[in-house]
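As structure tokens, the structure follows; a few thoughts come after it.
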Amino acid sequence: MHSIDVLCQQLRAQGRRITPQRRAIIQALLEDGSHPTAEQIYTRVRKGMPDLSQATVYNTLHELVEVGILAELDLGLGERRYDITTTAHAHMVCLGCGQIYDVHYDCNKLALSLEHVNGFQILDCAVILRGYCANCTPELN
């Protein structure tokens, strides 16, 4: 798990200033493991900083993604989500309640036949599993 001080130090190392707004946004991301949207982050941080603008949130999220502290996700839910965990992992998305779960796996062990790979150099691997969580599983008749 990351700490606010380590992440702020990484930003400083990239030549970025640490403002109270940026620090509050990073803190909100660390406290919220639900893969929030920009709007959810804005709403949460604005409670303690009423003068916070949406532009500041969007710009900060963009910077955090740019320097590799944050991952921007398109999980097929119609809106971008943000993940403070940037190490390789998959996501399970519940089609009932929208809950998102992290699934840790080794991308290097993903089984692909040679005919599919055939000289293709894989640079990134994103796995999204869609289904229903235990609370939303439809009754089978």
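Letters for chains follow the order of the structure tokens (A, B, ...), residue numbers begin at 1 for each chain, and ligand numbers begin at 1 in the order shown.
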
Backbone DSSP call of strand (DSSP E or B) for chain A, listed as an MDAnalysis selection string: chainID A and resid 71:73 81:83 90:94 100:103 128:131

Long-range neighbours of range 10-25 of chain A as a VMD selection string, 7 Å cut-off, only C-alpha atoms, 4 positions minimum in chain: chain A and resid 6 29 45 60

Export N, CA and C atoms of the chosen residues as a PDB file, in the first residue's frame?
ATOM      1  N   VAL A   6       4.927   9.124   0.359  1.00  0.00           N
ATOM      2  CA  VAL A   6       5.683   8.497  -0.735  1.00  0.00           C
ATOM      3  C   VAL A   6       5.165   8.990  -2.083  1.00  0.00           C
ATOM      4  N   LEU A  29      -7.983   9.306  -2.837  1.00  0.00           N
ATOM      5  CA  LEU A  29      -7.751   8.096  -3.640  1.00  0.00           C
ATOM      6  C   LEU A  29      -7.229   6.957  -2.783  1.00  0.00           C
ATOM      7  N   VAL A  45     -13.682  15.245  -1.877  1.00  0.00           N
ATOM      8  CA  VAL A  45     -12.667  16.221  -1.461  1.00  0.00           C
ATOM      9  C   VAL A  45     -13.300  17.578  -1.189  1.00  0.00           C
ATOM     10  N   THR A  60      -5.527  17.352 -11.840  1.00  0.00           N
ATOM     11  CA  THR A  60      -4.691  16.567 -10.919  1.00  0.00           C
ATOM     12  C   THR A  60      -4.737  15.088 -11.284  1.00  0.00           C
TER      13      THR A  60
END

Just want the 9 Å neighbourhood of Leu77 in chain A, counted on only C-alpha atoms, with same-chain residues fewer than 3 positions away dropped. Output as a list in words.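 Once the adjacent positions are removed, what remains is Asp74, Arg80, Arg81, Val93 and Gly98 of chain A.
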
Among range 23-134 of chain A, which ones does DSSP assign to helix (DSSP H, G or I) (computed from the backbone)? Answer as a PyMOL selection string. chain A and resi 23-31+38-46+54-66+107-109+114-117

Just the selected residues (N, CA and C atoms), exported as an mmCIF file, in the first residue's frame, please.
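Writing done, so here's out_23.cif:
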data_model
loop_
_atom_site.group_PDB
_atom_site.id
_atom_site.type_symbol
_atom_site.label_atom_id
_atom_site.label_comp_id
_atom_site.auth_asym_id
_atom_site.auth_seq_id
_atom_site.Cartn_x
_atom_site.Cartn_y
_atom_site.Cartn_z
ATOM 1 N N ARG A 23 -2.753 17.169 -2.536
ATOM 2 C CA ARG A 23 -2.580 16.267 -1.389
ATOM 3 C C ARG A 23 -3.933 15.681 -0.966
ATOM 4 N N ALA A 24 -4.967 16.505 -0.926
ATOM 5 C CA ALA A 24 -6.303 16.032 -0.535
ATOM 6 C C ALA A 24 -6.859 15.039 -1.558
ATOM 7 N N ILE A 25 -6.610 15.271 -2.832
ATOM 8 C CA ILE A 25 -7.074 14.354 -3.879
ATOM 9 C C ILE A 25 -6.354 13.015 -3.754
ATOM 10 N N ILE A 26 -5.052 13.053 -3.536
ATOM 11 C CA ILE A 26 -4.281 11.812 -3.358
ATOM 12 C C ILE A 26 -4.779 11.070 -2.125
ATOM 13 N N GLN A 27 -5.021 11.802 -1.029
ATOM 14 C CA GLN A 27 -5.515 11.176 0.201
ATOM 15 C C GLN A 27 -6.868 10.511 -0.043
ATOM 16 N N ALA A 28 -7.743 11.172 -0.778
ATOM 17 C CA ALA A 28 -9.062 10.599 -1.083
ATOM 18 C C ALA A 28 -8.920 9.316 -1.896
ATOM 19 N N LEU A 29 -7.983 9.306 -2.837
ATOM 20 C CA LEU A 29 -7.751 8.096 -3.640
ATOM 21 C C LEU A 29 -7.229 6.957 -2.783
ATOM 22 N N LEU A 30 -6.343 7.273 -1.847
ATOM 23 C CA LEU A 30 -5.798 6.237 -0.964
ATOM 24 C C LEU A 30 -6.867 5.659 -0.039
ATOM 25 N N GLU A 31 -7.810 6.484 0.374
ATOM 26 C CA GLU A 31 -8.848 6.043 1.301
ATOM 27 C C GLU A 31 -10.000 5.332 0.610
ATOM 28 N N ALA A 38 -14.066 10.617 -11.405
ATOM 29 C CA ALA A 38 -13.585 11.966 -11.091
ATOM 30 C C ALA A 38 -14.640 12.724 -10.292
ATOM 31 N N GLU A 39 -15.900 12.548 -10.644
ATOM 32 C CA GLU A 39 -16.986 13.225 -9.938
ATOM 33 C C GLU A 39 -17.074 12.768 -8.483
ATOM 34 N N GLN A 40 -16.882 11.478 -8.238
ATOM 35 C CA GLN A 40 -16.908 10.972 -6.867
ATOM 36 C C GLN A 40 -15.746 11.538 -6.049
ATOM 37 N N ILE A 41 -14.585 11.642 -6.670
ATOM 38 C CA ILE A 41 -13.428 12.220 -5.983
ATOM 39 C C ILE A 41 -13.685 13.690 -5.677
ATOM 40 N N TYR A 42 -14.215 14.405 -6.653
ATOM 41 C CA TYR A 42 -14.539 15.823 -6.481
ATOM 42 C C TYR A 42 -15.513 16.014 -5.312
ATOM 43 N N THR A 43 -16.575 15.228 -5.286
ATOM 44 C CA THR A 43 -17.586 15.338 -4.231
ATOM 45 C C THR A 43 -16.978 15.070 -2.859
ATOM 46 N N ARG A 44 -16.134 14.061 -2.796
ATOM 47 C CA ARG A 44 -15.528 13.679 -1.508
ATOM 48 C C ARG A 44 -14.565 14.760 -1.003
ATOM 49 N N VAL A 45 -13.682 15.245 -1.877
ATOM 50 C CA VAL A 45 -12.667 16.221 -1.461
ATOM 51 C C VAL A 45 -13.300 17.578 -1.189
ATOM 52 N N ARG A 46 -14.338 17.901 -1.916
ATOM 53 C CA ARG A 46 -14.983 19.209 -1.766
ATOM 54 C C ARG A 46 -15.620 19.379 -0.378
ATOM 55 N N GLN A 54 -13.814 21.611 -10.105
ATOM 56 C CA GLN A 54 -13.768 20.352 -10.848
ATOM 57 C C GLN A 54 -12.535 20.318 -11.745
ATOM 58 N N ALA A 55 -12.169 21.458 -12.302
ATOM 59 C CA ALA A 55 -10.995 21.524 -13.170
ATOM 60 C C ALA A 55 -9.738 21.104 -12.420
ATOM 61 N N THR A 56 -9.612 21.511 -11.180
ATOM 62 C CA THR A 56 -8.451 21.115 -10.371
ATOM 63 C C THR A 56 -8.414 19.607 -10.198
ATOM 64 N N VAL A 57 -9.571 19.003 -9.941
ATOM 65 C CA VAL A 57 -9.628 17.549 -9.776
ATOM 66 C C VAL A 57 -9.243 16.858 -11.082
ATOM 67 N N TYR A 58 -9.854 17.257 -12.186
ATOM 68 C CA TYR A 58 -9.553 16.628 -13.472
ATOM 69 C C TYR A 58 -8.087 16.820 -13.860
ATOM 70 N N ASN A 59 -7.552 18.012 -13.670
ATOM 71 C CA ASN A 59 -6.146 18.275 -13.994
ATOM 72 C C ASN A 59 -5.201 17.450 -13.118
ATOM 73 N N THR A 60 -5.527 17.352 -11.840
ATOM 74 C CA THR A 60 -4.691 16.567 -10.919
ATOM 75 C C THR A 60 -4.737 15.088 -11.284
ATOM 76 N N LEU A 61 -5.919 14.563 -11.572
ATOM 77 C CA LEU A 61 -6.032 13.159 -11.980
ATOM 78 C C LEU A 61 -5.218 12.902 -13.237
ATOM 79 N N HIS A 62 -5.303 13.820 -14.198
ATOM 80 C CA HIS A 62 -4.533 13.683 -15.437
ATOM 81 C C HIS A 62 -3.030 13.661 -15.141
ATOM 82 N N GLU A 63 -2.577 14.542 -14.264
ATOM 83 C CA GLU A 63 -1.152 14.567 -13.895
ATOM 84 C C GLU A 63 -0.723 13.289 -13.198
ATOM 85 N N LEU A 64 -1.550 12.788 -12.291
ATOM 86 C CA LEU A 64 -1.216 11.563 -11.564
ATOM 87 C C LEU A 64 -1.124 10.369 -12.512
ATOM 88 N N VAL A 65 -1.987 10.331 -13.508
ATOM 89 C CA VAL A 65 -1.923 9.277 -14.521
ATOM 90 C C VAL A 65 -0.653 9.452 -15.351
ATOM 91 N N GLU A 66 -0.367 10.687 -15.728
ATOM 92 C CA GLU A 66 0.796 11.006 -16.564
ATOM 93 C C GLU A 66 2.114 10.571 -15.921
ATOM 94 N N CYS A 107 0.277 -11.744 -15.385
ATOM 95 C CA CYS A 107 0.005 -11.587 -16.818
ATOM 96 C C CYS A 107 0.940 -12.452 -17.659
ATOM 97 N N ASN A 108 2.158 -12.691 -17.167
ATOM 98 C CA ASN A 108 3.116 -13.501 -17.912
ATOM 99 C C ASN A 108 2.680 -14.960 -18.016
ATOM 100 N N LYS A 109 1.786 -15.383 -17.136
ATOM 101 C CA LYS A 109 1.316 -16.764 -17.160
ATOM 102 C C LYS A 109 -0.012 -16.905 -17.896
ATOM 103 N N LEU A 114 0.640 -20.172 -29.354
ATOM 104 C CA LEU A 114 1.656 -19.559 -30.213
ATOM 105 C C LEU A 114 1.057 -18.982 -31.479
ATOM 106 N N GLU A 115 0.003 -19.589 -32.009
ATOM 107 C CA GLU A 115 -0.612 -19.068 -33.233
ATOM 108 C C GLU A 115 -1.221 -17.691 -33.010
ATOM 109 N N HIS A 116 -1.665 -17.420 -31.784
ATOM 110 C CA HIS A 116 -2.223 -16.101 -31.482
ATOM 111 C C HIS A 116 -1.130 -15.069 -31.244
ATOM 112 N N VAL A 117 -0.051 -15.459 -30.602
ATOM 113 C CA VAL A 117 1.031 -14.527 -30.288
ATOM 114 C C VAL A 117 1.843 -14.240 -31.545
#

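The gap separating CA of Asp32 in chain A from CA of Gln9 in chain A is 20.4 Å, in Å to one decimal.
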
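Atom pair CA of His104 in chain A / CA of Ala88 in chain A has a distance of 7.3 Å (rounded to one decimal).
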
Rounded to one decimal place, report the CA of Leu129 in chain A-CA of Met92 in chain A distance in Å.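 Pair CA of Leu129 in chain A / CA of Met92 in chain A returns 4.5 Å.
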
Just checking: using only C-alpha atoms, which residue out of A:Leu75, A:Ile84, A:Leu123, A:Leu7 ends up closest to Gln99 in chain A?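 Among the listed residues, A:Leu75 lies closest to Gln99 in chain A.
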
At a cut-off of 12 Å, using only C-alpha atoms, what residues contact His89 in chain A? Leave out same-chain residues fewer than 6 positions from it and give the result as a PDB file with N, CA and C atoms, in the first residue's frame.
ATOM      1  N   ALA A  71      -3.833   4.906 -12.272  1.00  0.00           N
ATOM      2  CA  ALA A  71      -4.256   4.296 -13.532  1.00  0.00           C
ATOM      3  C   ALA A  71      -5.676   4.767 -13.846  1.00  0.00           C
ATOM      4  N   LEU A  73      -9.025   3.911 -15.830  1.00  0.00           N
ATOM      5  CA  LEU A  73      -9.636   2.682 -16.302  1.00  0.00           C
ATOM      6  C   LEU A  73     -10.905   2.949 -17.100  1.00  0.00           C
ATOM      7  N   ASP A  83      -7.670   4.171 -10.393  1.00  0.00           N
ATOM      8  CA  ASP A  83      -7.155   3.111  -9.530  1.00  0.00           C
ATOM      9  C   ASP A  83      -5.771   3.503  -9.048  1.00  0.00           C
ATOM     10  N   TYR A 101     -13.975  -5.117  -8.231  1.00  0.00           N
ATOM     11  CA  TYR A 101     -13.049  -5.844  -7.370  1.00  0.00           C
ATOM     12  C   TYR A 101     -11.714  -6.011  -8.084  1.00  0.00           C
ATOM     13  N   ASP A 102     -10.631  -5.894  -7.337  1.00  0.00           N
ATOM     14  CA  ASP A 102      -9.304  -6.182  -7.884  1.00  0.00           C
ATOM     15  C   ASP A 102      -9.062  -7.685  -7.844  1.00  0.00           C
ATOM     16  N   VAL A 103      -8.429  -8.192  -8.900  1.00  0.00           N
ATOM     17  CA  VAL A 103      -8.046  -9.595  -8.974  1.00  0.00           C
ATOM     18  C   VAL A 103      -6.578  -9.626  -9.356  1.00  0.00           C
ATOM     19  N   HIS A 104      -5.753 -10.162  -8.482  1.00  0.00           N
ATOM     20  CA  HIS A 104      -4.325 -10.200  -8.762  1.00  0.00           C
ATOM     21  C   HIS A 104      -3.973 -11.497  -9.486  1.00  0.00           C
ATOM     22  N   TYR A 105      -3.168 -11.366 -10.523  1.00  0.00           N
ATOM     23  CA  TYR A 105      -2.760 -12.505 -11.336  1.00  0.00           C
ATOM     24  C   TYR A 105      -1.432 -12.165 -11.991  1.00  0.00           C
ATOM     25  N   ASP A 106      -0.810 -13.140 -12.596  1.00  0.00           N
ATOM     26  CA  ASP A 106       0.452 -12.946 -13.289  1.00  0.00           C
ATOM     27  C   ASP A 106       0.178 -12.922 -14.790  1.00  0.00           C
ATOM     28  N   CYS A 107       0.277 -11.744 -15.385  1.00  0.00           N
ATOM     29  CA  CYS A 107       0.005 -11.587 -16.818  1.00  0.00           C
ATOM     30  C   CYS A 107       0.940 -12.452 -17.659  1.00  0.00           C
ATOM     31  N   ASN A 108       2.158 -12.691 -17.167  1.00  0.00           N
ATOM     32  CA  ASN A 108       3.116 -13.501 -17.912  1.00  0.00           C
ATOM     33  C   ASN A 108       2.680 -14.960 -18.016  1.00  0.00           C
ATOM     34  N   LEU A 110      -0.495 -15.813 -18.484  1.00  0.00           N
ATOM     35  CA  LEU A 110      -1.726 -15.866 -19.252  1.00  0.00           C
ATOM     36  C   LEU A 110      -1.528 -16.831 -20.418  1.00  0.00           C
ATOM     37  N   ASP A 124       1.181  -4.457 -22.807  1.00  0.00           N
ATOM     38  CA  ASP A 124       0.270  -4.236 -21.699  1.00  0.00           C
ATOM     39  C   ASP A 124      -0.809  -5.309 -21.757  1.00  0.00           C
ATOM     40  N   CYS A 125      -1.374  -5.603 -20.613  1.00  0.00           N
ATOM     41  CA  CYS A 125      -2.416  -6.611 -20.534  1.00  0.00           C
ATOM     42  C   CYS A 125      -3.498  -6.090 -19.602  1.00  0.00           C
ATOM     43  N   ALA A 126      -4.715  -5.945 -20.100  1.00  0.00           N
ATOM     44  CA  ALA A 126      -5.834  -5.500 -19.281  1.00  0.00           C
ATOM     45  C   ALA A 126      -6.914  -6.572 -19.329  1.00  0.00           C
ATOM     46  N   VAL A 127      -7.282  -7.072 -18.162  1.00  0.00           N
ATOM     47  CA  VAL A 127      -8.292  -8.118 -18.080  1.00  0.00           C
ATOM     48  C   VAL A 127      -9.466  -7.578 -17.265  1.00  0.00           C
ATOM     49  N   ILE A 128     -10.658  -7.653 -17.852  1.00  0.00           N
ATOM     50  CA  ILE A 128     -11.879  -7.235 -17.170  1.00  0.00           C
ATOM     51  C   ILE A 128     -12.845  -8.410 -17.199  1.00  0.00           C
ATOM     52  N   LEU A 129     -13.224  -8.854 -16.029  1.00  0.00           N
ATOM     53  CA  LEU A 129     -14.174  -9.957 -15.901  1.00  0.00           C
ATOM     54  C   LEU A 129     -15.513  -9.353 -15.497  1.00  0.00           C
TER      55      LEU A 129
END
